[in-house]
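Student: Take a look at this one; I'll ask things after.
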Amino acid sequence: MLLNIMRENNTQLHQGERERDRLPPISNPSSSGTDRGPKLPYPSLNFISNHKKEAGSHSLSSQFILPGIRHGRDLPPICPDVRQKHQHRITIDILPPEVRARFASDPVIPIRTKTAKEFQEDIERAAVSGEWKHVHDFYLTTFDSFLELNAAFKKEANAPFNTIEDSGINTKFVNAVYDALLLTPPDTQRAVLKGIINSLLREWKGRRTKDDLRAYFILVQNPQCTSPATYVIYAHLLRQIAALGEADHNFLMHWFKKLSQKRFKQLVERLHFFISTRLFPAKPEELPPMAKCYWWIPSATKVLSLLNAANSISCTPIMPFVDFYNLTLDHTDFMEDYHTWQTHGNSTRFTFCQFPFILSTVVKKAIIQKDSEQQMISMARQSLVDKVSRRQRVDMSLLFLNIKVRRLQLVSDSLDELARNRADLKKKLKVTFVGEAGLDMGGLTKEWFLLLIRQIFHTDYGMFTFFKDSHCHWFSSWKCDNYSEFRLVGALMGLAVYNSITLDIRFPPCVYKKLLTPPVVPCDPDTPVGMATLILDDLQQVMPDLAHGLAELLSYEGNVEEDFCTTFQVSQEELGVIKSYNLKPGGDKIPVTNQNRKEYVQLYVDFLLNKSIYRQFAAFFYGFHSVCASDALLLLRPEEVEILVCGSPNLDMSSLQKAAQYEGYSKTDPTIRAFWDVVLAFPLELQKKLLHFSTGSDRVPVGGMADLNFKISKIDASTDWLPISHTCFNQICLPTYKNKKELKQKLTIAISNAEGFGLE
């Protein structure tokens, strides 16, 4: 059925392809500020896309290169000598009201009185009687043009509704019409598609009005677009939406965020399916050749970016940011995409890296790893060339970042080694413990990270404060002359990402926001770093009690100045000494009042999370970026940086069971079967303790449980023994316990009391 309507309108669509003024491509730079096309071929707003500063281009492959298109929207003059006569031109402003006419581009919308309830009654009658003519006529008229769409669905036909907060559309009526559409006879569905084609071909000329935007807003929700048979029509609709100007995109973005979660999610899933099907079609013969529809994926991705922006600006996200990942892209040549983006920046060529919200954390981790490997190889090759050019004996150790430390002086030795080998930080890491035999096959490196992190973050060490209420660490605000140890912690985090090591670090989310402010080290050393714009919600994740008190101050209905007796001066303890700081000049003499309390709270939050720890965090920032100086960081959200450093908190023990390896046991042995029966029945808290006991962290690597290389080994020991773990190798050793009850008892004791014993 859908194929027939496509064949009937094939000629029209191909004519539309040739007429660029009717259906302009996604790339059509404006020659003036009043042109309806976008200022840039791709999103120029920060909320739509993450851009690089360099001018250049992006490309998944050469087939997505967008050609330069000449301007074709200028209307012909009314008469040949119009320019000579412009000084005598009569404008509409000087005409008397009775002879003024409405512009053709701003027509009067006809009045339609059908309501959603009446429409539902028509559908019910047609379903019972089998007579669909009345319903068919409604669909035929409604989808005939943009004007008729507004007539049917606009709350008040000729009211302007020119605000971003209200689209003016009766969304309940739209939902009812679309919910019933797929239940109507095939000829009605064909009529709707034919009307959409005619509308898209007819309505492009002239300036865009808010009624045109409303029509696009309605059409993009059409459930028929889920079928690949309608993709040619859907692609042209997406192309026209993508080619709208920045201001129009802003309207659509705010209208999208008002959709219900169900409808919003349907739009996102429909666009993902469209992109995936175009990349890897199940039946390639059903779609046009890629050479003729190179603009499909860029158009769909840009429209998807509007939905992502709408999700981001909602008070509460409509759906998790991970739902915008297109997992099909995990199977594309994303490194080619990344290198094109690196080389050319933002111009008329398309890459998915231009829209990083669509790339999964798996892809981003792979990009960082491959980028790291290339930098490691480059550094090693340069060292080798330098040695050869000086005719010096080549030592293979120069290909690695070699760290030699003593266990009793772990922090000081590590600090010295990293400072001494600063030029080699991007080489492959190898760790040696002085006086101990053994080659580093990955286990010693992980052990070095685990021991060093535990020691540095211990409260006795004084660098970080642990807040029990929020279960996280925060930077100590004490002042000193040397912040090199904070730089060491930053470098450790960078090395962990660089070498794919998951760390057991408990930082609040705002640390990762600060770490990406800015995402690359500024050229000017005087430029502040880590000074993120943070709010009371961020403080809530660090100091919940203080944040609660400040929230009560903001909502207090009495006289703040008289009842709180507070000034713009705050105090905090540093190494046992109470020190006072003014939040603004003369703050100790400025009382907090009902009028200025919002300023007080914002300055207090900024002081606690930014200014009071600026030097500590700046050293930490430069340490991290001294290792992870990569353009790939521009692709990351703060939440994704946290996942790369610490892993994901989402556990799936069934996946761990499937990926587990065995030494001395097989998966059918009674002990192993009992082990998994016990573990799968554990509550989440005990499952986390088991993972921490076995691997040193209760989080999962980006690639999932399979990336843990989890191993269960058999030990010839008495069943009185508790299980033993080798966290460096993600290994747990089990004696052959007599039964499931004994195994559960011994395992629970071991994982619940693991700190300080049972770990190697």
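In the structure tokens, each chain is lettered A, B, ... as it comes, each chain's residues begin at 1, and ligands are numbered from 1 in order of appearance.
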Against range 216-240 of chain A, which residues of range 260-353 of chain A fall within 10 Å? For each one I want the closest pair of atoms and the distance in Å (one decimal), counting only C-alpha atoms, rows by chain and increasing residue number, as a tab-separated table.
Tutor:
residue	atom	partner	partner_atom	distance
A:Arg263	CA	A:Gln221	CA	7.9
A:Phe264	CA	A:Gln221	CA	9.0
A:Gln266	CA	A:Gln221	CA	8.3
A:Leu267	CA	A:Gln221	CA	6.6
A:Glu269	CA	A:Thr226	CA	9.1
A:Arg270	CA	A:Thr226	CA	5.8
A:Leu271	CA	A:Thr226	CA	8.6
A:Phe273	CA	A:Thr226	CA	7.8
A:Phe274	CA	A:Tyr231	CA	7.6
A:Thr277	CA	A:Pro228	CA	7.8
A:Arg278	CA	A:Pro228	CA	9.1
A:Pro281	CA	A:Pro228	CA	9.2
A:Ala282	CA	A:Pro228	CA	10.0
A:Lys283	CA	A:Pro228	CA	9.6
A:Glu286	CA	A:Ala229	CA	7.3
A:Leu287	CA	A:Pro228	CA	7.8
A:Pro288	CA	A:Val232	CA	8.3
A:Cys293	CA	A:Ala235	CA	8.6
A:Trp295	CA	A:Arg239	CA	7.7
A:Trp296	CA	A:Ala235	CA	5.7
A:Ile297	CA	A:Ala235	CA	8.6
A:Pro298	CA	A:Arg239	CA	8.5
A:Ser299	CA	A:Arg239	CA	5.1
A:Ala300	CA	A:Leu238	CA	5.9
A:Thr301	CA	A:Leu238	CA	9.2
A:Lys302	CA	A:Leu238	CA	8.6
A:Val303	CA	A:Leu238	CA	6.7
A:Leu304	CA	A:Leu238	CA	9.7
Student: Quick one: write out the picked residues with C-alpha atoms as a PDB file, in the first residue's frame?
Tutor:
ATOM      1  CA  ARG A 263       5.227  11.036  22.506  1.00  0.00           C
ATOM      2  CA  PHE A 264       8.682  12.506  23.018  1.00  0.00           C
ATOM      3  CA  GLN A 266       8.416   7.917  20.150  1.00  0.00           C
ATOM      4  CA  LEU A 267       9.949  10.812  18.201  1.00  0.00           C
ATOM      5  CA  GLU A 269      13.061   6.237  18.673  1.00  0.00           C
ATOM      6  CA  ARG A 270      11.638   6.972  15.207  1.00  0.00           C
ATOM      7  CA  LEU A 271      14.641   9.124  14.317  1.00  0.00           C
ATOM      8  CA  PHE A 273      15.419   3.813  13.603  1.00  0.00           C
ATOM      9  CA  PHE A 274      15.524   6.032  10.507  1.00  0.00           C
ATOM     10  CA  THR A 277      17.996   1.762   8.722  1.00  0.00           C
ATOM     11  CA  ARG A 278      19.689   4.186   6.348  1.00  0.00           C
ATOM     12  CA  PRO A 281      19.146  -1.307   5.567  1.00  0.00           C
ATOM     13  CA  ALA A 282      17.631  -4.780   5.900  1.00  0.00           C
ATOM     14  CA  LYS A 283      16.445  -4.512   2.288  1.00  0.00           C
ATOM     15  CA  GLU A 286      13.698  -0.539  -0.813  1.00  0.00           C
ATOM     16  CA  LEU A 287      15.694   2.659  -0.303  1.00  0.00           C
ATOM     17  CA  PRO A 288      17.273   5.041  -2.836  1.00  0.00           C
ATOM     18  CA  CYS A 293      20.142  10.621  -0.328  1.00  0.00           C
ATOM     19  CA  TRP A 295      21.483  14.301   3.196  1.00  0.00           C
ATOM     20  CA  TRP A 296      19.123  11.899   4.984  1.00  0.00           C
ATOM     21  CA  ILE A 297      21.337  11.158   7.980  1.00  0.00           C
ATOM     22  CA  PRO A 298      22.555  14.746   8.517  1.00  0.00           C
ATOM     23  CA  SER A 299      18.949  15.996   8.411  1.00  0.00           C
ATOM     24  CA  ALA A 300      17.711  13.371  10.876  1.00  0.00           C
ATOM     25  CA  THR A 301      20.650  13.926  13.230  1.00  0.00           C
ATOM     26  CA  LYS A 302      20.061  17.657  13.337  1.00  0.00           C
ATOM     27  CA  VAL A 303      16.363  17.203  14.123  1.00  0.00           C
ATOM     28  CA  LEU A 304      17.373  14.689  16.804  1.00  0.00           C
TER      29      LEU A 304
END
Student: Can you tell me which residues surround Ser484 in chain A at a distance of at most 12 Å, considering only C-alpha atoms, apart from same-chain residues fewer than 5 positions away, and format the answer as JSON, numbers by chain?
Tutor: {"A": [411, 412, 414, 415, 416, 418, 419, 463, 489, 490, 491, 615, 616, 617, 618, 619, 620, 621, 622, 623]}
Student: Would you list, as a PyMOL selection string, the residues of range 447-612 of chain A that end up in helix (DSSP H, G or I) under DSSP run on this structure's backbone?
Tutor: chain A and resi 447-456+459-461+484-498+509-515+536-540+544-555+560-564+587-589+597-609+611-612
Student: Please report as CSV every residue of range 628-663 of chain A lying within 9 Å of range 511-521 of chain A, along with the nearest atom pair and their distance in Å (one decimal), using only C-alpha atoms.
Tutor:
residue,atom,partner,partner_atom,distance
A:Ala629,CA,A:Val520,CA,6.9
A:Ser630,CA,A:Val520,CA,7.6
A:Asp631,CA,A:Val520,CA,7.6
A:Leu633,CA,A:Pro519,CA,6.1
A:Leu634,CA,A:Pro519,CA,5.9
A:Leu636,CA,A:Leu516,CA,8.5
A:Arg637,CA,A:Lys513,CA,8.1
A:Pro638,CA,A:Tyr512,CA,4.8
A:Glu639,CA,A:Tyr512,CA,7.1
A:Glu640,CA,A:Tyr512,CA,8.8
A:Val641,CA,A:Tyr512,CA,6.5
A:Glu642,CA,A:Tyr512,CA,6.5
Student: Considering only C-alpha atoms, state which residue in the set A:Val601, A:Lys194, A:Asp424, A:Asn709 is at the smallest distance from His548 in chain A.
Tutor: A:Val601
Student: Show me, as a ChimeraX atom specification, the residues that have an atom within 7 Å of range 139-154 of chain A when counting only C-alpha atoms, minus same-chain residues fewer than 5 positions from it.
Tutor: /A:109-112,168-170,173-174,191-192,195-196,199,211-212,215
Student: At a cut-off of 7 Å, using only C-alpha atoms, what residues contact Lys688 in chain A? Leave out same-chain residues fewer than 4 positions from it and give the result as a list of chain:residue names.
Tutor: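 In the requested form, the answer reads A:Leu684, A:His692, A:Asp698.
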Student: May I ask for the distance between CA of Val177 in chain A and CA of Ser312 in chain A, given in Å to one decimal place?
Tutor: 28.8 Å
Student: Considering only strand (DSSP E) as DSSP defines it on the backbone, what residues of range 458-556 of chain A qualify? List them as a list in words.
Tutor: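 Selection result, strand (DSSP E) within range 458-556 of chain A: Phe464, Thr465, Phe466, Phe467, Cys472, His473, Trp474 and Phe475 of chain A.
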